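For reference, the structure discussed in these notes is given below.
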Amino acid sequence: MAQQTPPSANVTVRRADRPGDLGWVVMAHGEIYDRQFGWNTDFEALVATIVGDFAAGHDPAREAAWIAEVNGERAGCVFLVSGDERETAKLRILLVTPASRGLGLGTRLVDECLTFARDAHYQRVVLWTNDVLVSARRIYQAFGFTLAAEEPHHSFGHDLVGQTWTLDLDQPSPTVR
C-alpha cells in the first residue's frame with residue numbers, strides 16, 4: 001500500500017506532452033539507474049530508443065505516456081505502447097525519482113496506464129523488468145500482474161535476471177491504494 005501524500009506535496013499525473021518531457025525521461029533513467037545500480041549507458045540507450053520510437057510515431061488512440069510531478073517538478077513517468085499482437089500492450093519505463101518515492105506515484109502511474117489500456121480495448125498488458133527492481137515488482141503484483149518468465153542475462157554492465165510479467169485485463173482489478 002502506498003503512503004499518503006504529505007499535505008505539503010502537490011502531486012499531479014499528466015500526459016508527457018510538454019517540451020522537455022521526453023528528454024527528461026531518458027536523462028532521469030540514465031542518472032538514477034547509474035546511481036542506484038551502477039548500470040552503464042547501454043541502459044540509457046535502451047530508454048532513448050523506447051522514447052524515440054514513441055516520439056517518432058505513436059498512435060495516440062492506443063499509446064500514451066505520463067509524467068508525475070511533485071510541486072511542479074517532474075518526479076516519475078510511465079509509457080504504454082502497442083505490443084507485438086494487436087490485443088497486447090506493453091508497459092514501459094516506469095520510474096519514480098528517489099526523492100519522490102513513498103508518495104504513491106508509481107501506483108498512480110501504473111493505474112493511469114492500465115485505465116488507458118482498458119479504454120483502448122487491449123486484452124492484456126505485458127512488461128519486462130529485472131528482478132533487482134523490487135519496489136516496481138511490488139506495484140505490478142498489487143495490480144495483479146503475474147510472472148510469466150525469467151531469464152538470466154548480462155546487460156547494462158551487470159549480470160541480471162530479466163522477468164516478463166503479464167496482466168489479463170479481463171480479470172477484475174484488485175483494489176490498489
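Chains: A, B, ... in order of the C-alpha cells. Residues: from 1 per chain. Ligands: from 1, in order shown.
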
Using only C-alpha atoms, what does the table of segment 98-144 of chain A residues within 9 Å of segment 58-70 of chain A look like, with each row giving the shortest atom pair and its distance in Å to one decimal, sorted by chain and ascending number, as a Markdown table?
| residue | atom | partner | partner_atom | distance |
| --- | --- | --- | --- | --- |
| A:Ser100 | CA | A:Val70 | CA | 7.4 |
| A:Leu105 | CA | A:Ala68 | CA | 6.7 |
| A:Gly106 | CA | A:Ala68 | CA | 8.7 |
| A:Arg108 | CA | A:Ala68 | CA | 8.5 |
| A:Leu109 | CA | A:Trp66 | CA | 7.1 |
| A:Glu112 | CA | A:Trp66 | CA | 8.1 |
| A:Cys113 | CA | A:Ala64 | CA | 7.9 |
| A:Phe116 | CA | A:Ala64 | CA | 8.0 |
| A:Ala117 | CA | A:Arg62 | CA | 7.5 |
| A:Asp119 | CA | A:Arg62 | CA | 8.9 |
| A:Ala120 | CA | A:Arg62 | CA | 5.6 |
| A:His121 | CA | A:Arg62 | CA | 8.5 |
| A:Tyr122 | CA | A:Arg62 | CA | 8.5 |

I need the residues from that last selection saved to file as an mmCIF file, in the first residue's frame (with all heavy atoms), if you can.
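After the write, out21.cif holds the following:
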data_model
loop_
_atom_site.group_PDB
_atom_site.id
_atom_site.type_symbol
_atom_site.label_atom_id
_atom_site.label_comp_id
_atom_site.auth_asym_id
_atom_site.auth_seq_id
_atom_site.Cartn_x
_atom_site.Cartn_y
_atom_site.Cartn_z
ATOM 1 N N SER A 100 11.038 11.238 -4.518
ATOM 2 C CA SER A 100 9.575 11.231 -4.542
ATOM 3 C C SER A 100 8.970 9.862 -4.231
ATOM 4 O O SER A 100 7.765 9.686 -4.319
ATOM 5 C CB SER A 100 9.088 11.713 -5.908
ATOM 6 O OG SER A 100 9.529 13.036 -6.126
ATOM 7 N N LEU A 105 3.378 7.534 -6.196
ATOM 8 C CA LEU A 105 3.448 7.925 -7.609
ATOM 9 C C LEU A 105 3.493 6.720 -8.535
ATOM 10 O O LEU A 105 2.860 6.718 -9.593
ATOM 11 C CB LEU A 105 4.669 8.806 -7.870
ATOM 12 C CG LEU A 105 4.716 10.162 -7.193
ATOM 13 C CD1 LEU A 105 5.964 10.910 -7.621
ATOM 14 C CD2 LEU A 105 3.478 10.960 -7.501
ATOM 15 N N GLY A 106 4.264 5.698 -8.191
ATOM 16 C CA GLY A 106 4.346 4.507 -9.029
ATOM 17 C C GLY A 106 2.982 3.865 -9.210
ATOM 18 O O GLY A 106 2.598 3.499 -10.326
ATOM 19 N N ARG A 108 0.053 5.365 -8.880
ATOM 20 C CA ARG A 108 -0.782 6.258 -9.693
ATOM 21 C C ARG A 108 -0.439 6.163 -11.169
ATOM 22 O O ARG A 108 -1.325 6.157 -12.034
ATOM 23 C CB ARG A 108 -0.656 7.704 -9.208
ATOM 24 C CG ARG A 108 -1.403 7.916 -7.897
ATOM 25 C CD ARG A 108 -1.363 9.334 -7.422
ATOM 26 N NE ARG A 108 -2.025 10.253 -8.336
ATOM 27 C CZ ARG A 108 -2.159 11.552 -8.093
ATOM 28 N NH1 ARG A 108 -1.674 12.070 -6.971
ATOM 29 N NH2 ARG A 108 -2.757 12.333 -8.958
ATOM 30 N N LEU A 109 0.856 6.091 -11.479
ATOM 31 C CA LEU A 109 1.274 5.991 -12.877
ATOM 32 C C LEU A 109 0.815 4.672 -13.503
ATOM 33 O O LEU A 109 0.289 4.661 -14.620
ATOM 34 C CB LEU A 109 2.792 6.134 -12.987
ATOM 35 C CG LEU A 109 3.337 7.546 -12.776
ATOM 36 C CD1 LEU A 109 4.833 7.513 -12.471
ATOM 37 C CD2 LEU A 109 3.043 8.430 -13.984
ATOM 38 N N GLU A 112 -2.961 4.765 -14.091
ATOM 39 C CA GLU A 112 -3.271 5.586 -15.272
ATOM 40 C C GLU A 112 -3.031 4.774 -16.546
ATOM 41 O O GLU A 112 -3.833 4.776 -17.487
ATOM 42 C CB GLU A 112 -2.390 6.839 -15.271
ATOM 43 C CG GLU A 112 -2.818 7.901 -16.231
ATOM 44 C CD GLU A 112 -4.042 8.671 -15.783
ATOM 45 O OE1 GLU A 112 -4.231 8.896 -14.586
ATOM 46 O OE2 GLU A 112 -4.832 9.047 -16.680
ATOM 47 N N CYS A 113 -1.924 4.074 -16.554
ATOM 48 C CA CYS A 113 -1.525 3.247 -17.696
ATOM 49 C C CYS A 113 -2.569 2.145 -17.953
ATOM 50 O O CYS A 113 -2.986 1.928 -19.099
ATOM 51 C CB CYS A 113 -0.173 2.643 -17.351
ATOM 52 S SG CYS A 113 0.785 2.095 -18.729
ATOM 53 N N PHE A 116 -5.945 3.469 -19.222
ATOM 54 C CA PHE A 116 -5.832 3.772 -20.647
ATOM 55 C C PHE A 116 -5.869 2.486 -21.472
ATOM 56 O O PHE A 116 -6.536 2.420 -22.508
ATOM 57 C CB PHE A 116 -4.530 4.539 -20.919
ATOM 58 C CG PHE A 116 -4.348 4.921 -22.362
ATOM 59 C CD1 PHE A 116 -4.842 6.122 -22.844
ATOM 60 C CD2 PHE A 116 -3.677 4.075 -23.237
ATOM 61 C CE1 PHE A 116 -4.675 6.478 -24.181
ATOM 62 C CE2 PHE A 116 -3.509 4.418 -24.572
ATOM 63 C CZ PHE A 116 -4.006 5.623 -25.040
ATOM 64 N N ALA A 117 -5.144 1.456 -21.030
ATOM 65 C CA ALA A 117 -5.106 0.181 -21.762
ATOM 66 C C ALA A 117 -6.503 -0.424 -21.885
ATOM 67 O O ALA A 117 -6.885 -0.923 -22.951
ATOM 68 C CB ALA A 117 -4.161 -0.798 -21.072
ATOM 69 N N ASP A 119 -9.384 1.272 -21.716
ATOM 70 C CA ASP A 119 -10.161 2.159 -22.595
ATOM 71 C C ASP A 119 -9.791 1.977 -24.062
ATOM 72 O O ASP A 119 -10.617 2.187 -24.947
ATOM 73 C CB ASP A 119 -9.964 3.625 -22.184
ATOM 74 C CG ASP A 119 -10.613 3.955 -20.845
ATOM 75 O OD1 ASP A 119 -11.427 3.148 -20.328
ATOM 76 O OD2 ASP A 119 -10.273 5.022 -20.292
ATOM 77 N N ALA A 120 -8.537 1.576 -24.332
ATOM 78 C CA ALA A 120 -8.073 1.338 -25.704
ATOM 79 C C ALA A 120 -8.388 -0.090 -26.167
ATOM 80 O O ALA A 120 -7.985 -0.485 -27.258
ATOM 81 C CB ALA A 120 -6.574 1.604 -25.803
ATOM 82 N N HIS A 121 -9.066 -0.846 -25.318
ATOM 83 C CA HIS A 121 -9.550 -2.202 -25.638
ATOM 84 C C HIS A 121 -8.449 -3.237 -25.799
ATOM 85 O O HIS A 121 -8.610 -4.207 -26.545
ATOM 86 C CB HIS A 121 -10.468 -2.180 -26.868
ATOM 87 C CG HIS A 121 -11.596 -1.223 -26.716
ATOM 88 N ND1 HIS A 121 -12.625 -1.418 -25.833
ATOM 89 C CD2 HIS A 121 -11.837 -0.032 -27.313
ATOM 90 C CE1 HIS A 121 -13.475 -0.400 -25.891
ATOM 91 N NE2 HIS A 121 -13.005 0.471 -26.775
ATOM 92 N N TYR A 122 -7.351 -3.039 -25.076
ATOM 93 C CA TYR A 122 -6.355 -4.104 -25.022
ATOM 94 C C TYR A 122 -6.905 -5.225 -24.146
ATOM 95 O O TYR A 122 -7.686 -4.980 -23.215
ATOM 96 C CB TYR A 122 -5.043 -3.590 -24.411
ATOM 97 C CG TYR A 122 -4.238 -2.722 -25.338
ATOM 98 C CD1 TYR A 122 -4.155 -1.348 -25.144
ATOM 99 C CD2 TYR A 122 -3.542 -3.285 -26.407
ATOM 100 C CE1 TYR A 122 -3.396 -0.546 -25.989
ATOM 101 C CE2 TYR A 122 -2.788 -2.489 -27.261
ATOM 102 C CZ TYR A 122 -2.719 -1.131 -27.048
ATOM 103 O OH TYR A 122 -1.973 -0.345 -27.887
#

Just the residues within 9 Å of Thr129 of chain A, please, counting only C-alpha atoms, with nothing from its chain fewer than 6 positions along; format it as a list in words. Arg92, Ile93, Ala136, Arg137, Val161, Gly162, Gln163, Thr164 and Trp165 of chain A

Take the selection from the previous step and output its residues with all heavy atoms, as a compact mmCIF listing (two decimals), in the first residue's frame.
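Okay, out_6.txt is ready:
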# COMPACT_ATOMS: atom_id res chain seq x y z
N ARG A 92 5.99 0.29 -20.23
CA ARG A 92 7.43 0.53 -20.39
C ARG A 92 7.91 1.64 -19.46
O ARG A 92 7.17 2.54 -19.11
CB ARG A 92 7.76 0.97 -21.83
CG ARG A 92 7.30 0.09 -22.97
CD ARG A 92 7.87 -1.30 -23.04
NE ARG A 92 9.29 -1.45 -23.03
CZ ARG A 92 10.06 -1.64 -24.10
NH1 ARG A 92 9.52 -1.66 -25.32
NH2 ARG A 92 11.36 -1.81 -23.98
N ILE A 93 9.14 1.56 -19.10
CA ILE A 93 9.96 2.57 -18.42
C ILE A 93 9.26 3.32 -17.28
O ILE A 93 9.32 4.54 -17.19
CB ILE A 93 10.65 3.51 -19.43
CG1 ILE A 93 9.70 4.18 -20.40
CG2 ILE A 93 11.73 2.76 -20.18
CD1 ILE A 93 10.38 5.12 -21.42
N ALA A 136 9.20 -1.76 -7.87
CA ALA A 136 8.35 -1.78 -9.07
C ALA A 136 7.59 -3.10 -9.15
O ALA A 136 6.39 -3.13 -9.45
CB ALA A 136 9.18 -1.56 -10.32
N ARG A 137 8.27 -4.20 -8.85
CA ARG A 137 7.60 -5.51 -8.89
C ARG A 137 6.45 -5.56 -7.90
O ARG A 137 5.40 -6.14 -8.20
CB ARG A 137 8.60 -6.64 -8.60
CG ARG A 137 9.45 -7.00 -9.79
CD ARG A 137 10.15 -8.35 -9.66
NE ARG A 137 10.18 -8.92 -8.35
CZ ARG A 137 11.24 -8.91 -7.54
NH1 ARG A 137 12.35 -8.32 -7.90
NH2 ARG A 137 11.19 -9.49 -6.36
N VAL A 161 18.72 -10.76 -13.82
CA VAL A 161 17.68 -11.73 -14.14
C VAL A 161 16.49 -10.93 -14.69
O VAL A 161 15.85 -10.18 -13.96
CB VAL A 161 17.26 -12.57 -12.92
CG1 VAL A 161 16.11 -13.51 -13.30
CG2 VAL A 161 18.45 -13.35 -12.38
N GLY A 162 16.25 -11.08 -15.99
CA GLY A 162 15.13 -10.41 -16.63
C GLY A 162 13.84 -11.16 -16.34
O GLY A 162 13.84 -12.39 -16.22
N GLN A 163 12.77 -10.42 -16.21
CA GLN A 163 11.47 -11.01 -15.92
C GLN A 163 10.41 -10.44 -16.85
O GLN A 163 10.40 -9.23 -17.11
CB GLN A 163 11.04 -10.72 -14.48
CG GLN A 163 11.96 -11.31 -13.43
CD GLN A 163 11.49 -10.99 -12.03
OE1 GLN A 163 10.93 -9.92 -11.77
NE2 GLN A 163 11.71 -11.93 -11.12
N THR A 164 9.54 -11.31 -17.31
CA THR A 164 8.37 -10.90 -18.08
C THR A 164 7.15 -11.11 -17.19
O THR A 164 6.96 -12.20 -16.65
CB THR A 164 8.24 -11.71 -19.38
OG1 THR A 164 9.43 -11.52 -20.15
CG2 THR A 164 7.03 -11.26 -20.19
N TRP A 165 6.36 -10.07 -17.05
CA TRP A 165 5.13 -10.10 -16.24
C TRP A 165 3.96 -9.83 -17.17
O TRP A 165 4.08 -9.09 -18.15
CB TRP A 165 5.19 -9.03 -15.16
CG TRP A 165 6.20 -9.32 -14.10
CD1 TRP A 165 7.56 -9.14 -14.17
CD2 TRP A 165 5.95 -9.86 -12.81
NE1 TRP A 165 8.15 -9.53 -13.01
CE2 TRP A 165 7.20 -9.97 -12.15
CE3 TRP A 165 4.80 -10.25 -12.14
CZ2 TRP A 165 7.31 -10.47 -10.85
CZ3 TRP A 165 4.91 -10.73 -10.84
CH2 TRP A 165 6.15 -10.85 -10.21

Among segment 29-99 of chain A, which residues carry a DSSP assignment of alpha helix (DSSP H), reported as a list of chain:residue names?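 Residues of segment 29-99 of chain A classed as alpha helix (DSSP H): A:His29, A:Gly30, A:Glu31, A:Ile32, A:Tyr33, A:Asp34, A:Arg35, A:Gln36, A:Phe37, A:Thr41, A:Asp42, A:Phe43, A:Glu44, A:Ala45, A:Leu46, A:Val47, A:Ala48, A:Thr49, A:Ile50, A:Val51, A:Gly52, A:Asp53, A:Phe54, A:Ala55, A:Ala56, A:Gly57.
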
May I have the residues within 8 Å of segment 23-33 of chain A as a ChimeraX atom specification, using only C-alpha atoms and disregarding those fewer than 4 positions away in the same chain? /A:37-41,43-44,47-48,51,77,95,97-98

Residues of segment 20-158 of chain A classed as strand (DSSP E) by DSSP on the backbone are to be reported as an MDAnalysis selection string. chainID A and resid 64:70 73:82 88:96 124:130 146:155 158

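Between atom CA of Asp111 of chain A and atom CA of Ile139 of chain A there is a distance of 9.8 Å.
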
Atomic separation - atom CA of Arg18 of chain A relative to atom CA of Arg74 of chain A, Å: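 Going from atom CA of Arg74 of chain A over to atom CA of Arg18 of chain A covers 11.2 Å.
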
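What separates atom CA of Gln36 of chain A from atom CA of Asn130 of chain A is a distance of 13.5 Å.
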
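Shortest separation to Gly76 of chain A among A:Ser135, A:Thr12, A:Thr115, A:Gln141 occurs at residue A:Thr12, atoms counted being only C-alpha atoms.
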